[in-house]
$ cat upload-v6.csv   # CSV, C-alpha atoms and all ligand atoms
chain,number,residue,atom,x,y,z
A,1,MET,CA,119.6,109.2,95.3
A,2,ASN,CA,117.3,111.7,93.7
A,3,LEU,CA,113.6,112.3,93.9
A,4,ARG,CA,111.7,109.7,92.0
A,5,SER,CA,109.6,110.6,89.1
A,6,ARG,CA,105.9,111.1,89.4
A,7,THR,CA,105.4,108.2,87.0
A,8,THR,CA,107.5,105.8,88.9
A,9,ALA,CA,105.9,106.7,92.2
A,10,ILE,CA,102.5,106.0,90.9
A,11,ALA,CA,103.3,103.0,88.7
A,12,GLY,CA,103.4,100.1,91.2
A,13,ALA,CA,100.0,98.9,92.2
A,14,ALA,CA,101.4,97.3,95.3
A,15,THR,CA,103.1,100.6,96.1
A,16,ALA,CA,100.0,102.6,95.8
A,17,CYS,CA,98.1,100.2,97.8
A,18,LEU,CA,100.6,100.2,100.7
A,19,ILE,CA,100.7,104.0,100.7
A,20,ALA,CA,96.9,104.1,100.9
A,21,SER,CA,96.6,101.5,103.5
A,22,LEU,CA,99.5,102.5,105.8
A,23,ALA,CA,97.9,105.8,106.6
A,24,LEU,CA,95.6,107.4,104.1
A,25,THR,CA,92.8,104.9,104.0
A,26,SER,CA,92.4,105.4,107.6
A,27,ALA,CA,90.4,108.4,106.6
A,28,TYR,CA,89.2,107.1,103.3
A,29,ALA,CA,88.6,103.7,101.8
A,30,GLU,CA,89.0,101.7,105.0
A,31,GLU,CA,86.0,103.3,106.6
A,32,PRO,CA,82.4,103.0,105.4
A,33,GLY,CA,81.4,105.9,103.3
A,34,GLY,CA,85.0,106.8,102.5
A,35,ARG,CA,85.4,109.8,100.4
A,36,THR,CA,87.6,108.5,97.6
A,37,THR,CA,89.3,105.3,96.5
A,38,ALA,CA,92.6,104.2,97.8
A,39,GLY,CA,94.2,104.5,94.4
A,40,GLN,CA,93.2,108.1,94.1
A,41,THR,CA,94.4,108.9,97.5
A,42,ALA,CA,97.8,107.4,96.9
A,43,ALA,CA,98.3,109.1,93.6
A,44,GLN,CA,97.4,112.4,95.1
A,45,ALA,CA,99.4,112.2,98.2
A,46,GLY,CA,102.6,110.4,97.3
A,47,PRO,CA,104.0,112.4,94.5
A,48,ALA,CA,102.3,115.6,95.6
A,49,GLY,CA,104.0,115.4,98.9
A,50,ARG,CA,107.3,114.8,97.3
A,51,ASP,CA,106.9,117.6,94.9
A,52,ALA,CA,106.1,119.9,97.7
A,53,GLN,CA,109.4,118.9,99.4
A,54,ALA,CA,111.6,119.5,96.4
A,55,GLY,CA,113.3,122.8,96.6
A,56,GLN,CA,112.5,123.5,100.2
A,57,GLY,CA,116.1,122.5,101.0
A,58,VAL,CA,117.3,122.1,104.6
A,59,ARG,CA,114.6,122.8,107.1
A,60,ALA,CA,116.9,122.6,110.1
A,61,GLY,CA,116.6,126.2,110.8
A,62,GLN,CA,112.9,125.9,111.5
A,63,GLY,CA,111.7,125.2,115.0
A,64,LYS,CA,113.9,123.6,117.5
A,65,GLN,CA,117.5,123.6,116.6
A,66,ALA,CA,120.7,122.2,118.0
A,67,GLY,CA,123.7,122.6,115.8
A,68,GLN,CA,123.9,121.8,112.1
A,69,ALA,CA,122.3,118.9,110.3
A,70,ALA,CA,124.7,116.1,109.6
A,71,GLN,CA,125.9,116.0,106.0
A,72,VAL,CA,124.8,112.7,104.5
A,73,ALA,CA,124.4,111.0,101.2
A,74,LEU,CA,122.4,108.0,100.1
A,75,LYS,CA,124.5,105.3,98.4
A,76,GLU,CA,122.4,102.7,96.6
A,77,VAL,CA,123.9,99.3,97.4
A,78,ALA,CA,121.3,97.0,96.0
A,79,THR,CA,117.9,96.7,94.4
A,80,ALA,CA,115.2,94.5,95.8
A,81,LYS,CA,111.6,93.7,95.0
A,82,ASN,CA,109.5,95.7,97.4
A,83,PRO,CA,111.9,95.5,100.4
A,84,SER,CA,109.9,95.7,103.6
A,85,ALA,CA,112.3,95.0,106.5
A,86,GLY,CA,115.8,94.1,107.4
A,87,ALA,CA,118.1,92.9,110.1
A,88,ALA,CA,121.8,92.6,111.0
A,89,GLY,CA,122.9,89.0,110.5
A,90,PRO,CA,125.8,86.8,111.6
A,91,GLY,CA,129.2,87.9,110.4
A,92,ASN,CA,128.2,91.6,109.9
A,93,THR,CA,125.8,90.6,107.2
A,94,VAL,CA,122.7,92.5,106.4
A,95,TRP,CA,119.5,90.5,105.6
A,96,ILE,CA,116.7,92.0,103.6
A,97,ALA,CA,113.0,90.9,103.6
A,98,GLU,CA,111.0,91.4,100.4
A,99,ARG,CA,107.3,91.9,101.0
A,100,ALA,CA,106.1,89.1,98.9
A,101,GLY,CA,107.9,86.6,101.1
A,102,THR,CA,111.6,86.3,100.2
A,103,VAL,CA,114.7,87.0,102.3
A,104,ARG,CA,118.0,87.8,100.7
A,105,VAL,CA,121.5,88.7,102.1
A,106,LEU,CA,123.3,91.8,101.0
A,107,GLY,CA,126.7,91.2,99.4
A,108,ASP,CA,129.2,93.3,97.5
A,109,GLN,CA,127.2,92.8,94.3
A,110,GLY,CA,123.8,93.5,95.7
A,111,LEU,CA,121.4,90.9,97.1
A,112,GLY,CA,122.1,87.2,96.8
A,113,GLU,CA,119.6,84.5,95.8
A,114,PRO,CA,116.8,84.1,98.4
A,115,VAL,CA,117.8,82.2,101.5
A,116,LEU,CA,114.1,81.9,102.4
A,117,ASP,CA,111.0,81.9,100.3
A,118,ILE,CA,107.5,81.9,101.9
A,119,SER,CA,105.8,83.6,99.0
A,120,GLY,CA,103.3,80.7,98.8
A,121,GLU,CA,102.3,81.4,102.4
A,122,THR,CA,101.5,85.1,102.4
A,123,THR,CA,99.8,87.8,100.3
A,124,THR,CA,100.5,91.4,99.6
A,125,ASP,CA,97.0,92.8,99.6
A,126,GLY,CA,96.3,95.7,101.9
A,127,GLU,CA,99.3,96.0,104.2
A,128,ARG,CA,100.0,92.3,104.3
A,129,GLY,CA,103.1,90.4,103.5
A,130,LEU,CA,106.5,89.6,105.0
A,131,LEU,CA,106.7,92.5,107.4
A,132,GLY,CA,109.6,91.8,109.8
A,133,ILE,CA,112.7,89.8,110.4
A,134,ALA,CA,115.1,89.5,113.3
A,135,PHE,CA,117.9,87.5,114.8
A,136,ASP,CA,118.4,86.8,118.4
A,137,GLN,CA,121.4,88.2,120.1
A,138,ASP,CA,123.8,85.3,119.4
A,139,PHE,CA,122.5,84.7,115.9
A,140,SER,CA,121.3,81.2,116.8
A,141,HIS,CA,117.7,81.8,115.8
A,142,PHE,CA,116.0,83.8,113.0
A,143,TYR,CA,112.5,85.1,113.2
A,144,ILE,CA,110.0,86.1,110.5
A,145,SER,CA,106.8,88.1,111.0
A,146,PHE,CA,104.2,87.9,108.3
A,147,THR,CA,100.5,87.7,107.6
A,148,ASP,CA,99.4,84.2,106.4
A,149,ARG,CA,97.0,83.6,103.6
A,150,GLU,CA,94.1,84.3,105.9
A,151,GLY,CA,95.7,87.5,107.1
A,152,THR,CA,96.7,86.2,110.5
A,153,SER,CA,99.8,87.8,112.0
A,154,THR,CA,102.4,85.1,112.4
A,155,VAL,CA,105.8,84.9,114.0
A,156,ASP,CA,107.9,81.9,113.1
A,157,GLU,CA,111.4,80.8,114.2
A,158,PHE,CA,114.2,79.0,112.5
A,159,ALA,CA,117.4,77.7,114.0
A,160,VAL,CA,120.6,79.1,112.5
A,161,LYS,CA,123.8,77.1,112.1
A,162,GLU,CA,127.0,78.5,110.7
A,163,GLY,CA,125.0,81.4,109.3
A,164,LYS,CA,122.4,79.3,107.5
A,165,LEU,CA,118.7,78.9,108.3
A,166,GLN,CA,117.7,75.3,109.2
A,167,PRO,CA,114.3,74.9,107.4
A,168,ASP,CA,113.4,71.7,109.2
A,169,THR,CA,113.6,73.5,112.6
A,170,ARG,CA,110.9,76.0,111.7
A,171,ARG,CA,108.1,76.5,114.3
A,172,THR,CA,105.4,79.0,114.9
A,173,VAL,CA,105.9,81.1,118.0
A,174,LEU,CA,102.9,83.4,118.0
A,175,THR,CA,99.8,84.1,115.9
A,176,GLN,CA,97.1,86.8,116.1
A,177,THR,CA,94.1,86.9,113.9
A,178,GLN,CA,93.4,90.2,112.3
A,179,PRO,CA,89.9,91.6,111.8
A,180,TYR,CA,90.9,93.8,108.8
A,181,ALA,CA,93.7,93.8,106.3
A,182,ASN,CA,95.4,96.9,107.5
A,183,HIS,CA,97.2,98.0,110.6
A,184,ASN,CA,99.1,94.8,111.1
A,185,GLY,CA,102.2,96.4,112.5
A,186,GLY,CA,104.5,93.4,112.1
A,187,ASP,CA,107.9,94.7,113.1
A,188,ILE,CA,110.0,92.4,115.4
A,189,LYS,CA,113.2,93.2,117.3
A,190,PHE,CA,115.1,91.7,120.2
A,191,GLY,CA,115.6,94.1,123.0
A,192,PRO,CA,118.8,94.6,125.0
A,193,ASP,CA,117.1,92.3,127.6
A,194,GLY,CA,117.3,89.4,125.1
A,195,TYR,CA,113.5,89.2,124.8
A,196,LEU,CA,111.6,89.4,121.5
A,197,TYR,CA,109.4,92.4,121.0
A,198,ILE,CA,106.5,92.2,118.5
A,199,ALA,CA,104.5,95.2,117.3
A,200,LEU,CA,100.9,94.7,116.4
A,201,GLY,CA,98.5,97.3,115.0
A,202,ASP,CA,95.0,97.9,116.3
A,203,GLY,CA,93.5,95.4,113.8
A,204,GLY,CA,92.6,97.9,111.2
A,205,SER,CA,89.6,99.5,109.5
A,206,GLY,CA,89.8,103.2,110.7
A,207,GLY,CA,89.4,104.9,114.0
A,208,ASP,CA,89.9,101.6,116.0
A,209,PRO,CA,86.3,100.5,115.8
A,210,HIS,CA,86.7,97.8,118.4
A,211,GLY,CA,88.6,99.9,120.8
A,212,ASN,CA,91.6,97.6,120.7
A,213,GLY,CA,94.2,100.3,121.5
A,214,GLN,CA,93.0,100.8,125.1
A,215,ASN,CA,91.8,97.2,125.6
A,216,LEU,CA,94.4,95.2,127.6
A,217,ASP,CA,92.5,92.0,126.9
A,218,THR,CA,93.7,91.8,123.3
A,219,LEU,CA,97.2,91.8,121.7
A,220,LEU,CA,96.1,94.2,119.0
A,221,GLY,CA,97.3,97.7,119.3
A,222,LYS,CA,100.2,96.6,121.5
A,223,LEU,CA,103.9,96.1,121.7
A,224,LEU,CA,104.5,92.6,123.0
A,225,ARG,CA,107.5,91.1,124.9
A,226,ILE,CA,108.1,87.4,125.0
A,227,ASP,CA,110.8,84.9,125.5
A,228,PRO,CA,110.7,82.5,122.6
A,229,SER,CA,113.5,80.3,124.0
A,230,GLY,CA,112.0,80.0,127.4
A,231,GLY,CA,109.0,77.8,126.6
A,232,ASP,CA,106.9,76.2,123.9
A,233,PRO,CA,105.8,78.1,122.0
A,234,TYR,CA,107.2,80.8,124.2
A,235,ALA,CA,107.4,82.0,127.8
A,236,VAL,CA,106.2,85.3,129.2
A,237,PRO,CA,108.9,87.2,131.1
A,238,ALA,CA,107.9,87.2,134.8
A,239,ASP,CA,108.4,91.0,135.0
A,240,ASN,CA,106.1,91.9,132.1
A,241,PRO,CA,103.9,94.7,133.4
A,242,PHE,CA,100.6,93.0,133.3
A,243,VAL,CA,101.6,89.5,134.6
A,244,GLY,CA,99.1,88.7,137.3
A,245,ASP,CA,96.4,91.0,136.0
A,246,PRO,CA,93.6,88.6,134.9
A,247,LYS,CA,92.0,91.3,132.8
A,248,ALA,CA,95.2,92.0,130.7
A,249,LYS,CA,97.2,89.8,128.4
A,250,ASP,CA,100.5,88.9,129.9
A,251,GLU,CA,102.4,89.4,126.7
A,252,ILE,CA,101.8,93.1,126.6
A,253,TRP,CA,104.7,95.4,127.2
A,254,ALA,CA,103.1,98.7,126.0
A,255,TYR,CA,99.7,99.7,124.6
A,256,GLY,CA,97.7,102.5,123.0
A,257,LEU,CA,99.3,102.0,119.6
A,258,ARG,CA,97.6,102.4,116.2
A,259,ASN,CA,100.0,101.0,113.7
A,260,PRO,CA,103.5,100.7,115.1
A,261,TRP,CA,105.0,100.0,111.7
A,262,LYS,CA,108.6,100.2,112.8
A,263,PHE,CA,110.3,100.4,116.2
A,264,SER,CA,113.9,100.0,117.5
A,265,PHE,CA,116.1,100.1,120.5
A,266,ASP,CA,119.0,102.5,120.7
A,267,SER,CA,122.0,100.3,120.6
A,268,GLY,CA,123.9,102.8,122.7
A,269,THR,CA,121.4,103.5,125.5
A,270,GLY,CA,118.7,100.8,125.2
A,271,ASP,CA,116.0,103.3,124.9
A,272,LEU,CA,112.9,102.3,122.9
A,273,LEU,CA,111.6,104.3,120.0
A,274,ILE,CA,108.3,103.6,118.1
A,275,GLY,CA,107.0,105.2,114.9
A,276,ASP,CA,103.2,105.0,115.2
A,277,VAL,CA,101.3,105.9,112.1
A,278,GLY,CA,98.5,108.3,112.6
A,279,GLN,CA,94.9,108.2,111.6
A,280,SER,CA,94.5,111.3,109.5
A,281,ALA,CA,96.1,114.2,111.3
A,282,TRP,CA,99.2,113.4,113.5
A,283,GLU,CA,102.2,111.2,113.0
A,284,GLU,CA,104.1,110.3,116.1
A,285,ILE,CA,107.3,109.0,117.6
A,286,ASP,CA,106.9,107.3,121.0
A,287,TRP,CA,109.8,106.8,123.4
A,288,ALA,CA,110.6,104.9,126.6
A,289,PRO,CA,113.8,104.9,128.6
A,290,ALA,CA,116.0,101.8,128.8
A,291,ASP,CA,115.0,101.3,132.4
A,292,SER,CA,111.3,101.3,131.7
A,293,LYS,CA,109.3,98.7,133.5
A,294,GLY,CA,106.8,98.7,130.6
A,295,GLY,CA,103.1,99.4,130.7
A,296,GLU,CA,103.3,102.7,128.9
A,297,ASN,CA,100.0,103.8,127.4
A,298,TYR,CA,100.7,105.7,124.2
A,299,GLY,CA,97.1,106.9,124.0
A,300,TRP,CA,95.5,105.5,120.9
A,301,SER,CA,92.5,105.6,120.2
A,302,ALA,CA,91.6,108.1,122.9
A,303,MET,CA,94.5,110.2,121.6
A,304,GLU,CA,96.1,110.8,118.2
A,305,GLY,CA,99.5,112.2,119.1
A,306,ASN,CA,99.0,115.0,121.7
A,307,HIS,CA,95.4,115.5,120.6
A,308,PRO,CA,92.1,113.9,121.8
A,309,PHE,CA,90.8,111.7,119.0
A,310,ARG,CA,87.1,112.1,118.1
A,311,GLY,CA,86.1,113.5,121.4
A,312,GLY,CA,88.4,111.1,123.4
A,313,THR,CA,89.5,111.9,126.9
A,314,GLU,CA,93.2,111.8,127.6
A,315,PRO,CA,94.0,108.8,129.8
A,316,ALA,CA,95.5,109.7,133.1
A,317,ASN,CA,98.5,107.6,132.3
A,318,HIS,CA,99.0,108.8,128.7
A,319,VAL,CA,102.6,108.9,127.6
A,320,PRO,CA,102.6,111.6,124.9
A,321,PRO,CA,104.8,111.2,121.9
A,322,VAL,CA,108.3,112.5,122.1
A,323,HIS,CA,107.7,114.0,118.6
A,324,GLU,CA,104.7,114.5,116.4
A,325,TYR,CA,104.1,116.2,113.0
A,326,ASP,CA,101.0,117.0,111.1
A,327,ARG,CA,100.1,116.3,107.5
A,328,ASN,CA,100.9,119.7,106.1
A,329,GLY,CA,103.9,118.9,104.0
A,330,LEU,CA,106.0,116.5,106.0
A,331,GLY,CA,104.2,113.4,105.0
A,332,CYS,CA,101.4,111.1,106.0
A,333,SER,CA,102.8,107.9,107.4
A,334,VAL,CA,105.8,107.9,109.7
A,335,THR,CA,108.5,105.2,109.3
A,336,GLY,CA,110.4,104.8,112.5
A,337,GLY,CA,114.2,104.4,112.2
A,338,PHE,CA,117.2,104.0,114.5
A,339,VAL,CA,119.4,106.1,116.7
A,340,TYR,CA,122.6,106.3,114.7
A,341,ARG,CA,125.5,104.6,116.4
A,342,GLY,CA,127.9,104.1,113.5
A,343,ASP,CA,131.4,105.5,113.0
A,344,LYS,CA,131.2,107.0,109.5
A,345,ILE,CA,129.1,110.1,110.3
A,346,PRO,CA,130.2,111.7,113.5
A,347,GLY,CA,127.7,114.6,113.1
A,348,LEU,CA,124.9,112.1,113.2
A,349,GLN,CA,126.0,110.3,116.3
A,350,GLY,CA,123.3,109.7,118.8
A,351,GLN,CA,120.5,111.2,116.6
A,352,TYR,CA,117.3,109.3,115.8
A,353,VAL,CA,117.0,108.9,112.1
A,354,PHE,CA,113.5,108.4,110.7
A,355,SER,CA,111.4,109.3,107.6
A,356,ASP,CA,107.8,109.2,106.2
A,357,TYR,CA,106.5,106.8,103.6
A,358,CYS,CA,104.6,109.5,101.8
A,359,ASP,CA,107.4,112.1,101.8
A,360,GLY,CA,110.7,110.2,101.9
A,361,THR,CA,112.8,113.0,103.4
A,362,LEU,CA,115.2,111.6,106.0
A,363,ARG,CA,115.0,113.5,109.2
A,364,SER,CA,116.8,113.3,112.6
A,365,LEU,CA,115.9,114.1,116.1
A,366,GLN,CA,118.3,114.9,119.0
A,367,ILE,CA,116.6,113.4,122.1
A,368,GLU,CA,117.9,114.1,125.6
A,369,ASN,CA,116.2,112.6,128.6
A,370,GLY,CA,113.0,111.9,126.7
A,371,LYS,CA,112.8,115.4,125.2
A,372,VAL,CA,113.6,116.4,121.6
A,373,THR,CA,116.2,119.1,121.7
A,374,GLY,CA,116.9,119.4,118.0
A,375,GLU,CA,115.4,118.3,114.7
A,376,HIS,CA,117.0,118.3,111.3
A,377,ASP,CA,116.1,117.7,107.7
A,378,LEU,CA,119.0,115.6,106.4
A,379,GLY,CA,118.6,116.9,102.9
A,380,VAL,CA,118.2,113.5,101.2
A,381,ASN,CA,115.1,111.7,100.0
A,382,GLY,CA,114.9,107.9,100.3
A,383,GLY,CA,111.8,107.5,98.1
A,384,GLU,CA,109.0,105.4,99.5
A,385,VAL,CA,110.7,104.8,102.8
A,386,VAL,CA,109.2,101.7,104.5
A,387,SER,CA,112.0,100.7,106.7
A,388,PHE,CA,115.5,101.3,108.1
A,389,VAL,CA,118.0,98.6,108.9
A,390,GLN,CA,120.9,98.9,111.3
A,391,GLY,CA,123.9,96.9,110.2
A,392,GLY,CA,126.1,95.1,112.7
A,393,ASP,CA,128.6,98.0,112.4
A,394,GLY,CA,126.0,100.5,113.4
A,395,GLU,CA,125.6,102.0,109.9
A,396,LEU,CA,122.1,102.6,108.6
A,397,TYR,CA,120.3,101.4,105.5
A,398,VAL,CA,117.1,102.8,104.0
A,399,LEU,CA,114.6,100.6,102.2
A,400,ASP,CA,112.5,102.2,99.5
A,401,LEU,CA,109.4,100.0,98.7
A,402,GLY,CA,110.0,100.9,95.1
A,403,GLY,CA,113.1,98.8,95.2
A,404,SER,CA,116.2,100.7,96.4
A,405,VAL,CA,118.4,99.5,99.3
A,406,SER,CA,120.6,102.5,100.2
A,407,ARG,CA,123.2,103.1,102.9
A,408,ILE,CA,123.4,106.4,104.7
A,409,ASP,CA,127.0,107.6,104.0
A,410,PRO,CA,128.8,110.8,104.9
A,411,ALA,CA,128.4,113.4,102.2
A,501,CA,CA,99.9,107.9,120.7

$ encode --input "upload-v6.csv" --output "structure tokens" --more "lines below"
Ligand SMILES: [Ca+2]
Amino acid sequence: MNLRSRTTAIAGAATACLIASLALTSAYAEEPGGRTTAGQTAAQAGPAGRDAQAGQGVRAGQGKQAGQAAQVALKEVATAKNPSAGAAGPGNTVWIAERAGTVRVLGDQGLGEPVLDISGETTTDGERGLLGIAFDQDFSHFYISFTDREGTSTVDEFAVKEGKLQPDTRRTVLTQTQPYANHNGGDIKFGPDGYLYIALGDGGSGGDPHGNGQNLDTLLGKLLRIDPSGGDPYAVPADNPFVGDPKAKDEIWAYGLRNPWKFSFDSGTGDLLIGDVGQSAWEEIDWAPADSKGGENYGWSAMEGNHPFRGGTEPANHVPPVHEYDRNGLGCSVTGGFVYRGDKIPGLQGQYVFSDYCDGTLRSLQIENGKVTGEHDLGVNGGEVVSFVQGGDGELYVLDLGGSVSRIDPA
């Protein structure tokens, strides 16, 4: 897949809006007295960032280096309408969520007809919409994460029988009201422990005006861990880090997050990786080992990446990002991906693949014992990359909000 044209990148109003709201409005329209409009910001940043990347070629030789970048190619396997999330489904299927509220299954001829349509229950203003989907480990339940028509973050569950959703079993598992339209997070994944993890942003506006990131008495700005099958509407695992602390919400697994747009667990090691979108200067990848007991403080809004934010003091328990990058050419809104555990690209084995919504270049990190020992530009551009999907076979897919669903193949 090639770089998209400037015209195409600017064209979609929804696209421009999401660009702006994911990252850039944090310093612009979302704050009182912002310097410019969201539309202008998006038009300037998206295509410009992409143009700047064109011709730079492989950057693997810069900075830390460990071996050669894997040789990969992007194979478009389907087109969708604003794909926003995906999940491996029963029988090695791949399920794709479209932001306006539909879910479709990838087949040999692209995406099938919607198997779910909640488009009447959500909106796509700001950063809203259908933002996450997940199956539990035995594919007996399917979960959707979306903002409802009032903007409230909502996680609902469906029973699955013989690979099909059972609409009459739908129930709401968790809701969280949102003070602003942006920074909803919204990604959901089951961990290797069988519990459901839910990422919620800091509630929005810009600069975390309510201090939610460091406030343990709110679910905003957190990664949650719940057991939806253990209670009604859910149970809290007894070993969650703040169970028993009356000043902290029991559901919290980790905190200090701004807009954890996408996160994943390494299917090989169980390690946790979170792409947390920065305010206006630093994009970051956060990490925790598989044997973490939870409770990590990733710093926001005292810290943005490794840097004190607006005079903030680094918390004593701050867990700094495993990787950060600034806004000088590499993008403006990190999109967390997956550690590659497929078979087709041996050179990519064990590397964390991620991208940036404003830039689109696929990159990979070699991470050993919580330290980045190598980083690579994979030499391909996924467009307006909003999500990665890991198929049941371990192969990775890239979702371009503009419509492409592509698989990462060997070159
Ligand atoms: Ca942080």

$ atom_distance --input "upload-v6.csv" --atom1 "CA of Val353 in chain A" --atom2 "CA of Val389 in chain A"
10.8 Å

$ residues_around --input "upload-v6.csv" --residues "Gly360 in chain A" --least-positions-apart "2" --cutoff "8 Å" --atoms "all atoms listed in the file" --output "ChimeraX atom specification"
/A:50,331,355-358,362,381-385

$ residues_near_ligand --input "upload-v6.csv" --ligand "ligand CA 501 (chain A)" --cutoff "12 Å" --atoms "all atoms listed in the file" --output "JSON list (two decimals) with C-alpha atoms, in the coordinates of the input"
[["chain", "number", "residue", "atom", "x", "y", "z"],
["A", 202, "ASP", "CA", 95.00, 97.90, 116.30],
["A", 213, "GLY", "CA", 94.20, 100.30, 121.50],
["A", 214, "GLN", "CA", 93.00, 100.80, 125.10],
["A", 221, "GLY", "CA", 97.30, 97.70, 119.30],
["A", 222, "LYS", "CA", 100.20, 96.60, 121.50],
["A", 254, "ALA", "CA", 103.10, 98.70, 126.00],
["A", 255, "TYR", "CA", 99.70, 99.70, 124.60],
["A", 256, "GLY", "CA", 97.70, 102.50, 123.00],
["A", 257, "LEU", "CA", 99.30, 102.00, 119.60],
["A", 258, "ARG", "CA", 97.60, 102.40, 116.20],
["A", 259, "ASN", "CA", 100.00, 101.00, 113.70],
["A", 260, "PRO", "CA", 103.50, 100.70, 115.10],
["A", 274, "ILE", "CA", 108.30, 103.60, 118.10],
["A", 275, "GLY", "CA", 107.00, 105.20, 114.90],
["A", 276, "ASP", "CA", 103.20, 105.00, 115.20],
["A", 277, "VAL", "CA", 101.30, 105.90, 112.10],
["A", 278, "GLY", "CA", 98.50, 108.30, 112.60],
["A", 279, "GLN", "CA", 94.90, 108.20, 111.60],
["A", 281, "ALA", "CA", 96.10, 114.20, 111.30],
["A", 282, "TRP", "CA", 99.20, 113.40, 113.50],
["A", 283, "GLU", "CA", 102.20, 111.20, 113.00],
["A", 284, "GLU", "CA", 104.10, 110.30, 116.10],
["A", 285, "ILE", "CA", 107.30, 109.00, 117.60],
["A", 286, "ASP", "CA", 106.90, 107.30, 121.00],
["A", 287, "TRP", "CA", 109.80, 106.80, 123.40],
["A", 296, "GLU", "CA", 103.30, 102.70, 128.90],
["A", 297, "ASN", "CA", 100.00, 103.80, 127.40],
["A", 298, "TYR", "CA", 100.70, 105.70, 124.20],
["A", 299, "GLY", "CA", 97.10, 106.90, 124.00],
["A", 300, "TRP", "CA", 95.50, 105.50, 120.90],
["A", 301, "SER", "CA", 92.50, 105.60, 120.20],
["A", 302, "ALA", "CA", 91.60, 108.10, 122.90],
["A", 303, "MET", "CA", 94.50, 110.20, 121.60],
["A", 304, "GLU", "CA", 96.10, 110.80, 118.20],
["A", 305, "GLY", "CA", 99.50, 112.20, 119.10],
["A", 306, "ASN", "CA", 99.00, 115.00, 121.70],
["A", 307, "HIS", "CA", 95.40, 115.50, 120.60],
["A", 308, "PRO", "CA", 92.10, 113.90, 121.80],
["A", 309, "PHE", "CA", 90.80, 111.70, 119.00],
["A", 314, "GLU", "CA", 93.20, 111.80, 127.60],
["A", 315, "PRO", "CA", 94.00, 108.80, 129.80],
["A", 317, "ASN", "CA", 98.50, 107.60, 132.30],
["A", 318, "HIS", "CA", 99.00, 108.80, 128.70],
["A", 319, "VAL", "CA", 102.60, 108.90, 127.60],
["A", 320, "PRO", "CA", 102.60, 111.60, 124.90],
["A", 321, "PRO", "CA", 104.80, 111.20, 121.90],
["A", 322, "VAL", "CA", 108.30, 112.50, 122.10],
["A", 323, "HIS", "CA", 107.70, 114.00, 118.60],
["A", 324, "GLU", "CA", 104.70, 114.50, 116.40]]

$ closest_residue --input "upload-v6.csv" --among "A:Ala97, A:Leu196, A:Cys332, A:Leu174" --to "His141 in chain A" --atoms "only C-alpha atoms"
A:Leu196

$ closest_residue --input "upload-v6.csv" --among "A:Val94, A:Val405, A:Ile118, A:Ala85" --to "Gly163 in chain A" --atoms "all atoms listed in the file"
A:Val94

$ closest_residue --input "upload-v6.csv" --among "A:Leu116, A:Val72, A:Val380, A:Ala290" --to "Gly191 in chain A" --atoms "all atoms listed in the file"
A:Ala290

$ closest_residue --input "upload-v6.csv" --among "A:Pro114, A:Pro209, A:Gly194, A:Gly129" --to "Gly230 in chain A" --atoms "only C-alpha atoms"
A:Gly194

$ residues_around --input "upload-v6.csv" --residues "Lys344 in chain A" --least-positions-apart "3" --cutoff "12 Å" --atoms "only C-alpha atoms" --output "list in words"
Ala70, Gln71, Val72, Ala73, Tyr340, Arg341, Gly347, Leu348, Gln349, Asp393, Gly394, Glu395, Leu396, Arg407, Ile408, Asp409, Pro410 and Ala411 of chain A

$ residues_around --input "upload-v6.csv" --residues "range 165-170 of chain A" --least-positions-apart "3" --cutoff "9 Å" --atoms "all atoms listed in the file" --output "number ranges by chain"
A: 115-116, 141-142, 156-162

$ write_last_selection --input "upload-v6.csv" --atoms "C-alpha atoms" --output "PDB file, in the coordinates of the input"
ATOM      1  CA  VAL A 115     117.800  82.200 101.500  1.00  0.00           C
ATOM      2  CA  LEU A 116     114.100  81.900 102.400  1.00  0.00           C
ATOM      3  CA  HIS A 141     117.700  81.800 115.800  1.00  0.00           C
ATOM      4  CA  PHE A 142     116.000  83.800 113.000  1.00  0.00           C
ATOM      5  CA  ASP A 156     107.900  81.900 113.100  1.00  0.00           C
ATOM      6  CA  GLU A 157     111.400  80.800 114.200  1.00  0.00           C
ATOM      7  CA  PHE A 158     114.200  79.000 112.500  1.00  0.00           C
ATOM      8  CA  ALA A 159     117.400  77.700 114.000  1.00  0.00           C
ATOM      9  CA  VAL A 160     120.600  79.100 112.500  1.00  0.00           C
ATOM     10  CA  LYS A 161     123.800  77.100 112.100  1.00  0.00           C
ATOM     11  CA  GLU A 162     127.000  78.500 110.700  1.00  0.00           C
TER      12      GLU A 162
END

$ residues_around --input "upload-v6.csv" --residues "range 234-241 of chain A" --least-positions-apart "2" --cutoff "9 Å" --atoms "only C-alpha atoms" --output "number ranges by chain"
A: 173-174, 195, 225-232, 243-245, 250-254, 293-295

$ residues_around --input "upload-v6.csv" --residues "Thr123 in chain A" --least-positions-apart "2" --cutoff "10 Å" --atoms "all atoms listed in the file" --output "compact mmCIF listing (two decimals) with C-alpha atoms, in the frame of the given file"
# COMPACT_ATOMS: atom_id res chain seq x y z
CA ARG A 99 107.30 91.90 101.00
CA ALA A 100 106.10 89.10 98.90
CA GLY A 101 107.90 86.60 101.10
CA ILE A 118 107.50 81.90 101.90
CA SER A 119 105.80 83.60 99.00
CA GLY A 120 103.30 80.70 98.80
CA GLU A 121 102.30 81.40 102.40
CA ASP A 125 97.00 92.80 99.60
CA GLY A 126 96.30 95.70 101.90
CA GLU A 127 99.30 96.00 104.20
CA ARG A 128 100.00 92.30 104.30
CA GLY A 129 103.10 90.40 103.50
CA LEU A 130 106.50 89.60 105.00
CA PHE A 146 104.20 87.90 108.30
CA THR A 147 100.50 87.70 107.60
CA ASP A 148 99.40 84.20 106.40
CA ARG A 149 97.00 83.60 103.60
CA GLU A 150 94.10 84.30 105.90
CA GLY A 151 95.70 87.50 107.10
